[in-house]
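J.: Quick one, structure.cif (mmCIF, C-alpha atoms and all ligand atoms):
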data_upload
loop_
_atom_site.label_atom_id
_atom_site.label_comp_id
_atom_site.auth_asym_id
_atom_site.auth_seq_id
_atom_site.Cartn_x
_atom_site.Cartn_y
_atom_site.Cartn_z
CA MET A 142 227.74 245.71 37.15
CA ARG A 143 225.35 243.87 39.43
CA ASP A 144 227.01 244.70 42.70
CA HIS A 145 227.37 248.40 42.00
CA PRO A 146 225.70 250.37 44.84
CA ARG A 147 222.91 252.60 43.61
CA LEU A 148 223.34 255.42 46.10
CA PRO A 149 226.23 257.90 46.02
CA THR A 150 226.28 257.70 49.80
CA ALA A 151 227.61 254.13 49.61
CA PRO A 152 231.43 254.08 49.67
CA GLY A 153 231.56 251.61 46.78
CA PHE A 154 229.52 253.88 44.52
CA TRP A 155 232.56 255.92 43.45
CA ARG A 156 234.77 253.82 41.23
CA SER A 157 237.24 256.07 39.48
CA PRO A 158 240.80 254.94 40.22
CA LEU A 159 241.98 258.50 39.62
CA ARG A 160 240.62 259.95 42.83
CA GLY A 161 243.05 260.12 45.70
CA PRO A 162 245.06 262.52 47.84
CA TRP A 163 247.71 263.20 45.20
CA LEU A 164 245.35 264.41 42.48
CA THR A 165 243.34 266.50 44.94
CA SER A 166 246.52 267.96 46.46
CA VAL A 167 248.07 268.98 43.15
CA LEU A 168 244.86 270.61 41.93
CA GLY A 169 244.39 272.24 45.33
CA LEU A 170 247.87 273.76 45.32
CA VAL A 171 247.35 275.16 41.82
CA LEU A 172 244.10 276.75 42.98
CA LEU A 173 245.76 278.08 46.13
CA ALA A 174 248.20 280.09 44.04
CA GLY A 175 245.72 281.00 41.30
CA ILE A 176 242.81 282.08 43.47
CA THR A 177 245.13 284.18 45.63
CA VAL A 178 246.15 286.08 42.49
CA LEU A 179 242.47 286.40 41.50
CA PHE A 180 241.63 287.88 44.88
CA VAL A 181 244.51 290.38 44.82
CA THR A 182 243.79 291.50 41.22
CA GLY A 183 240.08 291.66 42.07
CA LEU A 184 240.75 293.97 45.00
CA LEU A 185 243.02 296.06 42.77
CA SER A 186 240.19 296.36 40.27
CA TYR A 187 237.97 297.55 43.09
CA ALA A 188 240.53 300.20 44.09
CA ALA A 189 240.87 301.26 40.45
CA TYR A 190 237.21 302.29 40.38
CA ASN A 191 237.82 305.11 42.88
CA PRO A 192 235.09 303.57 45.03
CA ASP A 193 235.47 306.14 47.78
CA LEU A 194 235.09 309.17 45.53
CA SER A 195 231.40 309.25 44.86
CA ALA A 196 228.30 307.13 45.16
CA VAL A 197 228.38 307.00 41.36
CA ASN A 198 231.47 304.90 40.75
CA ASP A 199 230.60 302.39 43.45
CA THR A 200 226.93 301.87 44.12
CA THR A 201 227.36 298.73 46.24
CA PRO A 202 224.65 298.90 48.91
CA ASP A 203 225.60 298.57 52.58
CA LYS A 204 229.21 297.76 51.80
CA GLY A 205 230.30 299.09 55.21
CA LEU A 206 233.74 297.92 56.25
CA LEU A 207 234.14 295.67 53.22
CA GLY A 208 234.23 298.73 50.99
CA PHE A 209 237.33 299.85 52.79
CA TYR A 210 239.28 302.36 50.89
CA LEU A 211 242.51 300.90 49.64
CA PHE A 212 244.63 303.63 48.13
CA ALA A 213 244.60 306.24 45.41
CA TRP A 214 244.90 304.30 42.14
CA PRO A 215 247.99 305.64 40.33
CA ALA A 216 247.91 307.24 36.89
CA GLY A 217 250.82 305.17 35.57
CA PRO A 218 252.25 303.08 34.11
CA VAL A 219 249.66 303.49 31.37
CA TRP A 220 249.15 299.72 31.00
CA LEU A 221 248.51 299.16 34.72
CA TYR A 222 244.80 298.30 34.63
CA ARG A 223 245.20 296.54 31.32
CA PHE A 224 247.68 294.26 33.06
CA THR A 225 245.94 293.68 36.42
CA GLN A 226 242.52 293.13 34.88
CA GLY A 227 243.92 291.11 31.98
CA VAL A 228 245.50 288.79 34.56
CA HIS A 229 242.27 288.65 36.58
CA VAL A 230 240.05 287.67 33.68
CA THR A 231 242.50 285.49 31.74
CA LEU A 232 243.59 283.59 34.84
CA GLY A 233 239.98 283.20 36.00
CA VAL A 234 238.98 281.64 32.69
CA THR A 235 242.12 279.49 32.60
CA LEU A 236 241.42 278.07 36.06
CA VAL A 237 237.92 276.83 35.22
CA PRO A 238 239.05 273.28 34.26
CA VAL A 239 241.23 273.09 37.39
CA LEU A 240 238.32 274.15 39.59
CA LEU A 241 235.98 271.62 38.00
CA ALA A 242 238.57 268.83 38.27
CA LYS A 243 239.21 269.67 41.91
CA LEU A 244 235.50 269.53 42.71
CA TRP A 245 235.22 266.24 40.81
CA SER A 246 238.12 264.80 42.81
CA VAL A 247 236.39 265.42 46.14
CA VAL A 248 232.76 264.89 45.16
CA PRO A 249 232.37 261.59 47.09
CA ARG A 250 232.82 263.57 50.29
CA LEU A 251 229.71 265.56 49.49
CA PHE A 252 227.72 262.39 50.11
CA THR A 253 229.37 261.04 53.26
CA LEU A 254 227.04 259.77 55.94
CA PRO A 255 226.21 260.70 58.60
CA PRO A 256 226.09 264.30 57.34
CA ALA A 257 227.70 265.48 60.57
CA ARG A 258 229.62 263.31 62.99
CA SER A 259 230.25 266.09 65.49
CA LEU A 260 229.89 269.80 65.92
CA THR A 261 233.35 270.39 64.41
CA HIS A 262 232.52 268.18 61.48
CA ALA A 263 229.25 270.07 60.98
CA LEU A 264 231.10 273.39 61.04
CA GLU A 265 233.69 272.10 58.61
CA ARG A 266 231.00 271.00 56.18
CA LEU A 267 229.24 274.34 56.50
CA SER A 268 232.50 276.12 55.61
CA LEU A 269 232.86 273.80 52.61
CA LEU A 270 229.37 274.82 51.50
CA LEU A 271 230.51 278.45 51.53
CA LEU A 272 233.74 277.48 49.79
CA VAL A 273 232.20 275.49 46.97
CA GLY A 274 229.12 277.70 46.67
CA GLY A 275 231.20 280.88 46.80
CA GLY A 276 233.74 279.54 44.30
CA LEU A 277 231.12 278.43 41.78
CA PHE A 278 229.29 281.73 42.25
CA GLU A 279 232.39 283.85 41.65
CA PHE A 280 233.53 281.88 38.62
CA THR A 281 230.03 281.85 37.14
CA THR A 282 229.30 285.54 37.63
CA GLY A 283 232.79 286.40 36.37
CA VAL A 284 232.49 284.35 33.19
CA LEU A 285 228.98 285.65 32.54
CA ASN A 286 230.18 289.22 32.91
CA VAL A 287 233.09 288.66 30.58
CA GLN A 288 230.62 287.19 28.09
CA LEU A 289 228.38 290.24 28.57
CA ALA A 290 225.57 287.92 29.61
CA TYR A 291 223.93 290.03 32.27
CA VAL A 292 221.44 287.44 33.38
CA PHE A 293 221.67 287.92 37.13
CA PRO A 294 219.27 290.02 39.13
CA GLY A 295 220.75 293.41 39.93
CA SER A 296 224.18 294.48 38.87
CA PHE A 297 227.24 292.28 38.49
CA TYR A 298 229.43 294.51 40.57
CA PRO A 299 227.91 294.12 44.08
CA LEU A 300 227.20 290.42 43.48
CA HIS A 301 230.77 289.62 42.49
CA PHE A 302 232.04 291.88 45.26
CA TYR A 303 230.07 290.29 48.12
CA GLY A 304 230.56 286.83 46.68
CA ALA A 305 234.31 287.42 46.70
CA TRP A 306 234.39 288.10 50.42
CA VAL A 307 232.33 285.03 51.29
CA PHE A 308 234.42 282.88 48.98
CA PHE A 309 237.72 284.25 50.19
CA ALA A 310 236.89 283.87 53.89
CA ALA A 311 236.04 280.20 53.33
CA PHE A 312 239.07 279.83 51.03
CA VAL A 313 241.50 281.14 53.66
CA ALA A 314 240.10 278.80 56.31
CA HIS A 315 240.30 275.86 53.90
CA ALA A 316 243.84 276.71 52.81
CA VAL A 317 245.06 277.02 56.40
CA LEU A 318 243.54 273.64 57.28
CA LYS A 319 244.53 271.70 54.17
CA THR A 320 247.73 273.13 52.68
CA PRO A 321 250.14 271.34 55.07
CA ALA A 322 248.63 267.95 54.22
CA ALA A 323 248.58 268.74 50.51
CA LEU A 324 252.26 269.66 50.58
CA ARG A 325 253.07 266.47 52.50
CA THR A 326 251.18 264.38 49.94
CA VAL A 327 253.00 265.95 47.03
CA ARG A 328 256.40 265.58 48.72
CA ARG A 329 255.73 261.96 49.55
CA ARG A 330 254.99 261.30 45.92
CA LEU A 331 258.22 263.03 44.88
CA ARG A 332 260.06 260.61 47.17
CA GLU A 333 258.13 257.84 45.41
CA GLU A 334 256.50 256.64 48.60
CA GLU A 335 253.17 254.82 48.63
CA GLU A 336 250.06 256.97 48.79
CA PRO A 337 248.52 256.62 52.27
CA ARG A 338 244.98 255.32 52.63
CA SER A 339 242.40 258.06 52.23
CA ASP A 340 238.64 258.36 51.93
CA LEU A 341 239.29 260.28 48.70
CA ALA A 342 240.36 257.11 46.94
CA ALA A 343 237.73 254.61 45.80
CA PRO A 344 237.67 251.53 48.08
CA ARG A 345 236.95 249.28 45.09
CA PRO A 346 238.31 251.13 42.04
CA ASP A 347 237.56 250.15 38.45
CA PRO A 348 240.60 249.41 36.26
CA PRO A 349 242.18 252.66 35.06
CA THR A 350 241.70 253.89 31.49
CA VAL A 351 244.05 256.83 31.95
CA SER A 352 246.83 257.50 34.45
CA ARG A 353 246.61 260.25 37.06
CA ARG A 354 249.32 262.12 35.25
CA GLY A 355 247.33 261.71 32.05
CA ALA A 356 244.22 263.09 33.73
CA LEU A 357 246.19 266.03 35.04
CA GLY A 358 247.56 266.56 31.53
CA LEU A 359 244.00 266.67 30.21
CA VAL A 360 243.05 269.34 32.75
CA GLY A 361 246.20 271.30 31.96
CA GLY A 362 245.53 270.99 28.24
CA GLY A 363 242.01 272.31 28.73
CA SER A 364 243.39 275.25 30.69
CA LEU A 365 246.01 275.93 28.04
CA LEU A 366 243.35 275.93 25.32
CA LEU A 367 241.20 278.37 27.29
CA PHE A 368 244.23 280.54 27.93
CA LEU A 369 245.20 280.66 24.27
CA THR A 370 241.68 281.50 23.15
CA THR A 371 241.21 284.21 25.82
CA VAL A 372 244.48 286.09 26.30
CA GLY A 373 244.30 287.81 22.92
CA GLN A 374 241.48 290.08 24.06
CA SER A 375 243.73 291.62 26.74
CA LEU A 376 246.63 292.02 24.33
CA GLY A 377 244.39 293.79 21.84
CA GLY A 378 245.32 294.87 18.33
CA PRO A 379 245.91 291.95 15.93
CA PHE A 380 245.84 289.43 18.81
CA ARG A 381 242.19 290.14 19.38
CA ARG A 382 241.37 287.84 16.47
CA THR A 383 242.84 284.90 18.41
CA ALA A 384 240.46 285.46 21.32
CA LEU A 385 237.87 283.05 20.02
CA LEU A 386 236.11 282.89 23.36
CA ALA A 387 235.90 286.63 23.87
CA PRO A 388 232.58 288.15 22.92
CA HIS A 389 232.81 289.94 19.61
CA GLY A 390 229.46 291.61 20.03
CA GLY A 391 228.93 295.33 20.15
CA ALA A 392 229.58 297.14 16.91
CA GLU A 393 231.99 296.06 14.23
CA PRO A 394 234.63 298.79 14.60
CA GLY A 395 235.77 298.59 10.99
CA GLY A 396 239.15 299.91 9.86
CA GLY A 397 240.78 303.32 9.90
CA PRO A 398 241.83 305.54 12.82
CA ASN A 399 238.61 304.84 14.75
CA GLY A 400 238.82 301.11 14.01
CA PHE A 401 239.07 299.69 17.53
CA GLN A 402 236.63 298.01 19.80
CA ILE A 403 233.23 299.48 20.60
CA ASN A 404 231.00 298.01 23.28
CA LYS A 405 228.25 300.57 23.39
CA THR A 406 227.40 302.48 20.24
CA ALA A 407 226.05 306.02 20.18
CA ALA A 408 222.73 304.63 18.96
CA ARG A 409 222.46 302.25 21.90
CA ALA A 410 223.33 305.03 24.32
CA GLY A 411 220.59 307.17 22.79
CA ILE A 412 222.95 309.86 21.49
CA ASP A 413 221.92 311.59 18.27
CA THR A 414 223.83 313.90 15.95
CA VAL A 415 221.53 316.85 16.69
CA GLU A 416 222.76 317.17 20.27
CA THR A 417 226.40 316.57 19.36
CA GLY A 418 226.36 319.06 16.46
CA ALA A 419 228.22 322.38 16.50
CA ASP A 420 225.02 324.37 17.13
CA ALA A 421 223.88 322.39 20.14
CA TRP A 422 226.89 320.96 21.96
CA ARG A 423 228.64 322.99 24.65
CA LEU A 424 230.95 321.53 27.26
CA VAL A 425 229.90 322.92 30.65
CA VAL A 426 232.87 323.28 33.01
CA THR A 427 232.20 324.25 36.62
CA GLY A 428 234.67 324.99 39.40
CA ARG A 429 235.82 327.42 42.05
CA THR A 430 235.33 330.53 39.96
CA GLY A 431 232.05 329.62 38.30
CA THR A 432 231.01 328.03 35.04
CA VAL A 433 232.34 328.31 31.48
CA ARG A 434 230.78 326.88 28.33
CA LEU A 435 232.96 325.80 25.43
CA GLY A 436 232.04 324.62 21.95
CA ARG A 437 234.24 322.15 20.11
CA ALA A 438 235.88 324.91 18.06
CA GLU A 439 236.82 326.74 21.26
CA LEU A 440 238.25 323.58 22.78
CA LEU A 441 240.36 323.11 19.66
CA ARG A 442 241.82 326.58 20.16
CA LEU A 443 243.11 325.63 23.63
CA PRO A 444 246.58 323.99 23.82
CA GLN A 445 246.32 320.48 22.36
CA HIS A 446 248.25 317.53 23.77
CA SER A 447 248.69 313.89 22.75
CA ALA A 448 248.90 310.68 24.72
CA SER A 449 249.19 307.03 23.64
CA LEU A 450 246.83 305.10 25.87
CA PRO A 451 244.83 301.89 25.75
CA ILE A 452 241.23 301.40 26.83
CA ALA A 453 241.11 298.44 29.20
CA CYS A 454 237.70 297.22 30.34
CA VAL A 455 236.79 295.38 33.52
CA GLU A 456 235.67 292.56 31.22
CA GLY A 457 239.31 291.87 30.45
CA TRP A 458 239.54 293.15 26.90
CA SER A 459 241.83 295.97 26.01
CA THR A 460 242.67 297.93 22.91
CA ALA A 461 246.27 298.40 21.93
CA ASP A 462 247.56 301.94 22.60
CA GLN A 463 245.72 304.57 20.58
CA ARG A 464 247.02 308.07 19.95
CA TRP A 465 244.56 310.44 21.59
CA ARG A 466 244.66 314.21 21.19
CA GLY A 467 242.78 316.92 23.00
CA VAL A 468 242.79 319.24 26.00
CA ARG A 469 244.44 318.32 29.28
CA LEU A 470 241.98 317.94 32.14
CA ARG A 471 244.25 320.04 34.33
CA ASP A 472 244.11 322.87 31.78
CA LEU A 473 240.31 322.75 31.96
CA ALA A 474 240.53 322.84 35.77
CA ALA A 475 242.70 325.94 35.45
CA LEU A 476 239.94 327.66 33.45
CA VAL A 477 237.65 327.49 36.48
CA GLY A 478 240.06 328.57 39.18
CA TYR A 479 242.33 325.62 39.96
CA ASP A 480 245.89 326.55 39.23
CA GLY A 481 248.41 324.07 40.58
CA ASP A 482 246.03 322.67 43.22
CA VAL A 483 244.09 320.34 40.97
CA PRO A 484 240.97 318.76 42.54
CA ASP A 485 238.82 315.72 41.69
CA VAL A 486 236.34 315.96 38.85
CA PHE A 487 232.86 314.63 38.30
CA VAL A 488 232.20 313.80 34.64
CA GLU A 489 228.73 313.60 33.11
CA SER A 490 227.77 312.38 29.66
CA LEU A 491 225.03 313.46 27.27
CA GLN A 492 223.70 309.96 27.74
CA ARG A 493 220.51 310.03 29.80
CA HIS A 494 219.96 306.35 30.59
CA GLY A 495 221.97 303.30 31.45
CA ALA A 496 225.16 302.59 33.33
CA PHE A 497 228.53 304.32 32.97
CA ARG A 498 227.15 307.70 31.93
CA HIS A 499 229.03 309.44 34.72
CA ALA A 500 232.27 308.87 36.55
CA ALA A 501 234.48 310.43 39.20
CA LEU A 502 238.19 310.94 38.64
CA ARG A 503 240.66 311.56 41.43
CA ALA A 504 242.93 314.59 41.69
CA ASN A 505 246.05 312.54 40.85
CA GLN A 506 244.36 311.45 37.61
CA VAL A 507 243.28 314.98 36.72
CA ALA A 508 246.80 316.26 37.42
CA ASP A 509 248.49 313.78 35.05
CA GLY A 510 249.48 315.42 31.78
CA ARG A 511 248.25 312.40 29.82
CA SER A 512 244.69 312.71 31.12
CA LEU A 513 242.76 314.30 28.28
CA LEU A 514 239.42 315.44 27.14
CA ALA A 515 240.10 313.81 23.79
CA LEU A 516 238.74 315.36 20.61
CA SER A 517 240.50 313.11 18.12
CA VAL A 518 242.14 309.71 17.94
CA ASN A 519 244.91 308.50 15.64
CA GLY A 520 244.78 311.75 13.72
CA GLU A 521 241.05 311.84 13.01
CA ASP A 522 238.02 313.30 14.81
CA LEU A 523 236.45 310.89 17.27
CA SER A 524 233.72 308.84 15.66
CA MET A 525 230.23 309.02 17.14
CA ASP A 526 230.67 305.55 18.62
CA HIS A 527 233.95 306.55 20.29
CA GLY A 528 232.38 309.52 22.01
CA TYR A 529 232.23 312.49 19.62
CA PRO A 530 232.42 315.41 20.31
CA ALA A 531 234.66 314.66 23.32
CA ARG A 532 235.57 311.79 25.56
CA ILE A 533 237.68 311.35 28.68
CA ILE A 534 240.85 309.28 28.46
CA VAL A 535 242.91 308.62 31.59
CA PRO A 536 246.12 306.56 31.84
CA ALA A 537 246.11 303.30 33.83
CA ALA A 538 242.39 303.58 34.65
CA PRO A 539 239.58 301.10 33.97
CA GLY A 540 237.72 301.79 30.72
CA VAL A 541 234.57 302.64 32.60
CA LEU A 542 236.15 305.91 33.75
CA ASN A 543 236.72 307.00 30.13
CA THR A 544 233.33 308.63 29.71
CA LYS A 545 232.11 309.19 26.13
CA TRP A 546 229.97 312.08 24.79
CA VAL A 547 231.04 314.30 27.69
CA ALA A 548 228.61 317.11 28.48
CA ARG A 549 229.73 318.44 31.86
CA LEU A 550 232.83 318.55 34.05
CA THR A 551 232.47 319.64 37.68
CA PHE A 552 235.81 320.23 39.40
CA GLY A 553 236.02 320.15 43.18
CA ASP A 554 236.81 317.73 45.99
CA LEU A 555 234.46 314.75 45.88
N1 LIG B 1 228.77 307.66 28.11
C1 LIG B 1 229.35 306.45 28.22
N2 LIG B 1 230.69 306.36 28.33
C2 LIG B 1 231.30 305.15 28.44
C3 LIG B 1 230.54 303.96 28.46
C4 LIG B 1 229.13 304.07 28.35
O1 LIG B 1 228.39 303.09 28.36
N3 LIG B 1 228.58 305.31 28.24
N4 LIG B 1 231.19 302.73 28.61
C5 LIG B 1 232.47 302.78 29.31
C6 LIG B 1 233.15 301.51 29.34
S1 LIG B 1 232.54 300.33 30.39
C7 LIG B 1 234.29 301.27 28.62
S2 LIG B 1 235.17 299.86 28.81
C8 LIG B 1 234.80 302.30 27.68
C9 LIG B 1 234.97 301.71 26.33
O2 LIG B 1 233.72 301.33 25.89
P1 LIG B 1 233.35 301.34 24.35
O3 LIG B 1 233.99 300.13 23.78
O4 LIG B 1 231.85 301.24 24.32
O5 LIG B 1 233.87 302.61 23.76
O6 LIG B 1 233.94 303.41 27.57
C10 LIG B 1 233.38 303.86 28.76
N5 LIG B 1 232.65 305.08 28.53
MO MO B 2 233.97 298.61 30.47
#
Just dump the structure as structure tokens.

T.:
Amino acid sequence: MRDHPRLPTAPGFWRSPLRGPWLTSVLGLVLLAGITVLFVTGLLSYAAYNPDLSAVNDTTPDKGLLGFYLFAWPAGPVWLYRFTQGVHVTLGVTLVPVLLAKLWSVVPRLFTLPPARSLTHALERLSLLLLVGGGLFEFTTGVLNVQLAYVFPGSFYPLHFYGAWVFFAAFVAHAVLKTPAALRTVRRRLREEEEPRSDLAAPRPDPPTVSRRGALGLVGGGSLLLFLTTVGQSLGGPFRRTALLAPHGGAEPGGGPNGFQINKTAARAGIDTVETGADAWRLVVTGRTGTVRLGRAELLRLPQHSASLPIACVEGWSTADQRWRGVRLRDLAALVGYDGDVPDVFVESLQRHGAFRHAALRANQVADGRSLLALSVNGEDLSMDHGYPARIIVPAAPGVLNTKWVARLTFGDL
């Protein structure tokens, strides 16, 4: 095409006949609903970490007011975190095509000249920079974390956390400014009125090769495909095999009672069978009345209780319910002087290096009868990779709080 402008700043450069207020509005309204859910479930995930309990669960530097304490995460229903985090991750992945299509639909505006017509225009463009930058950052860090690709400097958690606040502030401003017009555009189309002139539409469009509805169908189809190949990891059990996009790294869990997902093996955590053996391993329990040390045989002589609970990770995957059996955390608290007035507990693993080797549980979690120091699962001793000789299992909590290879429990208010 001889007369095609070379620079994207020229209005005639953008030729797709698909761009226009309707496409942008529909995609925008889908994102308005979807990203709101992502923000709410993200905040819930933050609350679920017990961020206020200790500097161990939440190590975000300088979080100040943004680390505001939400509420005590409940210990039921047992599938609570599995659900909220499954929604967060599955919806986030599903929205990727919608986000990309939305950005594509407005990309000509990135190149408008002059860059700023007025102070208000300059401020608006600055907020769009935060919106687009924040959105791409949150989706990218989220997907990388789900894929266990820890390529960013520092830890995922504070990056995704701070990014979320920047993104959401810009998102709220954008939604307040644009939603009324988007709704008007969609309604006008429903009444089959002409689309008004807009700088979103190409001034000299090429002939269409697909209709706008067709393009929207393509985006929706892409989302559906991502949904279908992701959701299985949150459902767990046999559905896990359908989660083609979920990472299947870690160890192959194999079959049998211990045959469910393993992210970090005992070998990777640096745990060896000498320190977990009957001669070496003692659980150290400390509380109001001092310290007691218990071997595995002694723990097995305490009252044993069962609970059917899943392990649901922040990465969105979950196991189906497994039948755990062991000693109630509140019974262990009672051994060191807490009868009835159950406190928080700080849990430490044998593991000496790496993340997730300690965790803080809140009093309401310790008090729940389904919160166990598990010694066996599905009728068999825990395998080394699932935390032998003992692991924590708490209902409704994120997997990261279910510490494996437990060495020490310190009861007391944190
Ligand atoms: N000691 C120890 N316990 C741990 C972890 C760990 O790395 N070390 N990982 C936690 C996380 S993030 C999850 S989701 C659950 C399940 O992890 P797994 O699949 O490695 O058993 O165990 C938790 N307990
Ligand atoms: Mo996890």

J.: Name the closest residue to Leu550 (chain A) among the candidates A:Tyr529, A:Phe487, A:Trp422, A:Phe368; distances are taken between atoms, counting all atoms listed in the file.

T.: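 Closest to Leu550 (chain A) of all the choices is A:Phe487.
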
J.: Once 6 Å is added on each side, what centre and edge lengths in Å to one decimal does the axis-aligned box around all listed atoms of ligand LIG 1 (chain B) have, as AutoDock Vina command-line options?

T.:
--center_x 231.8 --center_y 303.8 --center_z 27.1 --size_x 18.8 --size_y 19.8 --size_z 18.6

J.: Show me which residues are within 7 Å of ligand MO 2 (chain B) counting only C-alpha atoms and all ligand atoms, and format the list as a VMD selection string.

T.: chain A and resid 454 to 456 540 to 541

J.: Excluding region 278-291 of chain A and residues on its chain fewer than 5 positions from it, collect all residues at most 12 Å away from it, counting all atoms listed in the file, and give them as a PyMOL selection string.

T.: chain A and resi 176+179-180+183+226-227+229-241+270-273+296-309+371+374-375+385-391+404-405+454-458

J.: One number please: CA of Leu318 (chain A) to CA of Ala257 (chain A), in Å, one decimal.

T.: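 Pair CA of Leu318 (chain A) / CA of Ala257 (chain A) returns 18.1 Å.
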
J.: Which protein, DNA or RNA residues have an atom at most 12 Å from (227.4, 250.7, 43.5), counting only C-alpha atoms? List them as a PyMOL selection string.

T.: chain A and resi 142-157+343-347

J.: Next, write the just-selected residues to a file, as an mmCIF file, keeping the file's coordinate frame, keeping C-alpha atoms as the atom set.

T.:
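The resulting file, out37.cif, is reproduced below:
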data_model
loop_
_atom_site.group_PDB
_atom_site.id
_atom_site.type_symbol
_atom_site.label_atom_id
_atom_site.label_comp_id
_atom_site.auth_asym_id
_atom_site.auth_seq_id
_atom_site.Cartn_x
_atom_site.Cartn_y
_atom_site.Cartn_z
ATOM 1 C CA MET A 142 227.740 245.710 37.150
ATOM 2 C CA ARG A 143 225.350 243.870 39.430
ATOM 3 C CA ASP A 144 227.010 244.700 42.700
ATOM 4 C CA HIS A 145 227.370 248.400 42.000
ATOM 5 C CA PRO A 146 225.700 250.370 44.840
ATOM 6 C CA ARG A 147 222.910 252.600 43.610
ATOM 7 C CA LEU A 148 223.340 255.420 46.100
ATOM 8 C CA PRO A 149 226.230 257.900 46.020
ATOM 9 C CA THR A 150 226.280 257.700 49.800
ATOM 10 C CA ALA A 151 227.610 254.130 49.610
ATOM 11 C CA PRO A 152 231.430 254.080 49.670
ATOM 12 C CA GLY A 153 231.560 251.610 46.780
ATOM 13 C CA PHE A 154 229.520 253.880 44.520
ATOM 14 C CA TRP A 155 232.560 255.920 43.450
ATOM 15 C CA ARG A 156 234.770 253.820 41.230
ATOM 16 C CA SER A 157 237.240 256.070 39.480
ATOM 17 C CA ALA A 343 237.730 254.610 45.800
ATOM 18 C CA PRO A 344 237.670 251.530 48.080
ATOM 19 C CA ARG A 345 236.950 249.280 45.090
ATOM 20 C CA PRO A 346 238.310 251.130 42.040
ATOM 21 C CA ASP A 347 237.560 250.150 38.450
#

J.: With a cut-off of 8 Å, could you pull out the residues of chain A touching ligand LIG 1 (chain B) and give me the nearest pair of atoms for each, distance in Å to one decimal, using all atoms listed in the file, ordered by chain and ascending number, as a Markdown table?

T.:
| residue | atom | partner | partner_atom | distance |
| --- | --- | --- | --- | --- |
| A:Gly391 | CA | B:LIG1 | O4 | 7.8 |
| A:Gln402 | CA | B:LIG1 | O3 | 5.2 |
| A:Ile403 | CA | B:LIG1 | O3 | 3.3 |
| A:Asn404 | CA | B:LIG1 | O4 | 3.5 |
| A:Lys405 | CA | B:LIG1 | O4 | 3.8 |
| A:Thr406 | CA | B:LIG1 | O4 | 6.2 |
| A:Ala410 | CA | B:LIG1 | N3 | 6.6 |
| A:Ile452 | CA | B:LIG1 | C9 | 6.3 |
| A:Ala453 | CA | B:LIG1 | S2 | 6.1 |
| A:Cys454 | CA | B:LIG1 | S2 | 4.0 |
| A:Val455 | CA | B:LIG1 | S2 | 6.7 |
| A:Glu456 | CA | B:LIG1 | S2 | 7.7 |
| A:Glu489 | CA | B:LIG1 | N1 | 7.8 |
| A:Ser490 | CA | B:LIG1 | N1 | 5.1 |
| A:Leu491 | CA | B:LIG1 | N1 | 7.0 |
| A:Gln492 | CA | B:LIG1 | N1 | 5.6 |
| A:Gly495 | CA | B:LIG1 | O1 | 7.1 |
| A:Ala496 | CA | B:LIG1 | O1 | 5.9 |
| A:Phe497 | CA | B:LIG1 | C4 | 4.7 |
| A:Arg498 | CA | B:LIG1 | N1 | 4.1 |
| A:His499 | CA | B:LIG1 | N1 | 6.9 |
| A:Asp526 | CA | B:LIG1 | O5 | 6.7 |
| A:His527 | CA | B:LIG1 | O5 | 5.3 |
| A:Gly528 | CA | B:LIG1 | N2 | 7.3 |
| A:Arg532 | CA | B:LIG1 | N2 | 7.8 |
| A:Pro539 | CA | B:LIG1 | S2 | 6.9 |
| A:Gly540 | CA | B:LIG1 | S2 | 3.7 |
| A:Val541 | CA | B:LIG1 | C6 | 3.7 |
| A:Leu542 | CA | B:LIG1 | C10 | 6.1 |
| A:Asn543 | CA | B:LIG1 | N5 | 4.8 |
| A:Thr544 | CA | B:LIG1 | N2 | 3.7 |
| A:Lys545 | CA | B:LIG1 | N2 | 3.9 |
| A:Trp546 | CA | B:LIG1 | N1 | 5.7 |
| A:Val547 | CA | B:LIG1 | N1 | 7.0 |

J.: A:Ala438, A:Leu502, A:Ala216, A:Leu260: which is nearest Leu516 (chain A), counting only C-alpha atoms?

T.: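 Comparing A:Ala438, A:Leu502, A:Ala216, A:Leu260 against Leu516 (chain A), the winner is A:Ala438.
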
J.: Find the residues near Arg160 (chain A): any atom within 12 Å, counting all atoms listed in the file, skip ones fewer than 4 places away on the same chain, and give them as a count of residues only.

T.: 34

J.: Can you work out which one of A:Arg223, A:Gly208, A:Gly217, A:Pro348 has the shortest atom-to-atom distance to Asp509 (chain A), counting only C-alpha atoms?

T.: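 Between A:Arg223, A:Gly208, A:Gly217, A:Pro348, the residue approaching Asp509 (chain A) most closely is A:Gly217.
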
J.: Have a look at CA of Arg382 (chain A) and CA of Gly400 (chain A) and let me know their distance in Å, one decimal.

T.: 13.7 Å

J.: Between A:Pro162, A:Gly510, A:Gly553, A:Gly396, which one has atoms that come closest to Thr430 (chain A), using all atoms listed in the file?

T.: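 Under the stated criterion, the closest residue is A:Gly553.
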
J.: I'd like the interatomic distance between CA of Leu324 (chain A) and CA of Pro337 (chain A), to a tenth of an Å.

T.: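 Going from CA of Leu324 (chain A) over to CA of Pro337 (chain A) covers 13.7 Å.
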
J.: Which is closest to Gly373 (chain A) among A:Leu443, A:Leu450, A:Ser459, A:Thr427, if we use all atoms listed in the file?

T.: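 Under the stated criterion, the closest residue is A:Ser459.
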
J.: Within 8 Å of region 184-189 of chain A, counting all atoms listed in the file, which residues qualify if same-chain residues fewer than 6 places away don't, as a PyMOL selection string?

T.: chain A and resi 210-214+222+225-226+455+538-539

J.: Would you please work out which residue, of A:Ser512, A:Asn399, A:Ser268, A:Gln463, is nearest to Gly377 (chain A) when using all atoms listed in the file?

T.: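 Among the listed residues, A:Gln463 lies closest to Gly377 (chain A).
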